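Chemist: What follows is a structure written as structure tokens; I'll ask about it next.
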Amino acid sequence: MKFAAAYEQCRDSVYGYLTYMTRDKTLAEDLSQEVFLRMFLHLDKFRGEASVRTWGLRIARNVFLSYAKKKQPVLLEEKEWEEVPDGSRSQPEEEALKKEKAGEIHRCLMCLSEQERTILLLRDFEELSYEEIGRIMGFTPEVVKSRIYRARQKFRRIYEGGTN
């Protein structure tokens with residue numbers, strides 16, 4: 001497999017995941033570069049047991065965890081995230097409501113642990129299978145299924161205003 005093909009298959013997923021987890025587009029770009037450097041250097045070791053996207057997301061998660069543990073442990077904490085205003089002043093009412101709901105969902109996700117957030121992002125946003133998520137996170141598909149269930153339950157309690 002050529003690097004250009006691997007890059008095309010997973011660049012949006014890797015960048016999206018890292019943007020969501022870091023809450024910083026510039027940092028996500030930097031970490032994405034690290035992911036793609038690792039992919040480039042280890043492309044010969046890719047065995048094809050999982051999709052390239054799954055492999056890229058696994059590397060992205062490892063890069064994120066490594067960065068967060070060393071530089072910003074706060075990214076791993078369960079805490080409420082405050083949305084940064086984007087500077088746009090005039091929006092139609094419908095767009096504002098959509099943005100408000102998306103912000104609320106994001107705030108609830110940020111109340112989950114890194115592992116709970118990651119597992120829900122990979123399943124519900126990236127639409128990966130239990131097997132693919134298991135490869136990324138090092139779990140069996142059965143463990144993934146049960147952790148997704150528990151993370152969704154916790155998310156629901158937070159979203160509905162209960163305790164986590």
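In the structure tokens, the first chain shown is A, the next is B, and so on; residue numbers restart at 1 for each chain, and ligands run from 1 in the order shown.
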Within 8 Å of stretch 147-164 of chain A, which residues of stretch 86-134 of chain A come that close, and what is the closest atom pair and distance in Å for each? Count only C-alpha atoms and give it as a Markdown table.
Modeler:
| residue | atom | partner | partner_atom | distance |
| --- | --- | --- | --- | --- |
| A:Glu104 | CA | A:Tyr159 | CA | 7.8 |
| A:Ile105 | CA | A:Tyr159 | CA | 7.4 |
| A:Cys108 | CA | A:Tyr159 | CA | 6.0 |
| A:Leu109 | CA | A:Phe155 | CA | 6.7 |
| A:Cys111 | CA | A:Ile158 | CA | 7.8 |
| A:Leu112 | CA | A:Phe155 | CA | 7.2 |
| A:Glu116 | CA | A:Ala151 | CA | 5.4 |
| A:Arg117 | CA | A:Ala151 | CA | 7.8 |
| A:Ile119 | CA | A:Ile148 | CA | 6.4 |
| A:Leu120 | CA | A:Ile148 | CA | 6.3 |
Chemist: Generate a file of the selected residues that holds C-alpha atoms, formatted as an mmCIF file, in the first residue's frame.
Modeler:
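Here's the written file part28.cif:
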data_model
loop_
_atom_site.group_PDB
_atom_site.id
_atom_site.type_symbol
_atom_site.label_atom_id
_atom_site.label_comp_id
_atom_site.auth_asym_id
_atom_site.auth_seq_id
_atom_site.Cartn_x
_atom_site.Cartn_y
_atom_site.Cartn_z
ATOM 1 C CA GLU A 104 -24.709 20.705 24.703
ATOM 2 C CA ILE A 105 -23.837 17.284 23.256
ATOM 3 C CA CYS A 108 -21.937 16.143 27.903
ATOM 4 C CA LEU A 109 -19.303 14.141 26.043
ATOM 5 C CA CYS A 111 -18.002 14.984 31.138
ATOM 6 C CA LEU A 112 -17.149 11.407 30.196
ATOM 7 C CA GLU A 116 -15.845 6.622 27.236
ATOM 8 C CA ARG A 117 -15.593 9.632 24.890
ATOM 9 C CA ILE A 119 -15.508 4.701 22.320
ATOM 10 C CA LEU A 120 -18.653 6.758 21.625
#
Chemist: Show me, as a list in words, the residues that have an atom within 8 Å of stretch 3-19 of chain A when counting only C-alpha atoms, minus same-chain residues fewer than 3 positions from it.
Modeler: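 The residues satisfying every condition are Thr22, Arg23, Asp24, Lys25, Leu27, Ala28, Glu29, Leu31, Ser32, Phe36, Met39, Phe40, Leu43, Val52, Arg53, Gly56, Leu57, Ala60, Arg61, Phe64, Leu121 and Glu126 of chain A.
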Chemist: Which value, in Å to one decimal, gives the distance between atom CA of A:Leu97 and atom CA of A:Leu128?
Modeler: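 One can read the atom CA of A:Leu97 to atom CA of A:Leu128 distance as 28.2 Å.
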Chemist: List every residue of stretch 3-141 of chain A that DSSP, applied to the backbone of this structure, places in alpha helix (DSSP H), and write the result as a PyMOL selection string.
Modeler: chain A and resi 3-22+25-41+52-70+93-110+114-120+130-137+141
Chemist: Which distance in Å separates atom CA of A:Ser146 and atom CA of A:Gln115, to one decimal?
Modeler: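 Separation of atom CA of A:Ser146 and atom CA of A:Gln115: 12.8 Å.
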Chemist: Return the single residue from A:Arg38, A:Glu142, A:Glu93, A:Ala102 that is closest to A:Arg58, with distances computed using only C-alpha atoms.
Modeler: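 Looking at the shortest contact to A:Arg58, the residue is A:Arg38.
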Chemist: Point out the residue among A:Glu132, A:Glu114, A:Pro141, A:His42 with the least atom-to-atom distance to A:Ala68, counting only C-alpha atoms.
Modeler: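 Looking only at the distances to A:Ala68, the closest residue turns out to be A:Glu114.
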Chemist: Just the number, please: distance in Å from atom CA of A:Ile59 to atom CA of A:Val35, one decimal.
Modeler: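 Answer for the atom CA of A:Ile59 to atom CA of A:Val35 separation: 6.0 Å.
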Chemist: Taking only C-alpha atoms into account, which of A:Lys145, A:Lys99, A:Lys45, A:Arg107 comes nearest A:Ile133?
Modeler: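 For A:Ile133, the nearest of the candidates is A:Lys145.
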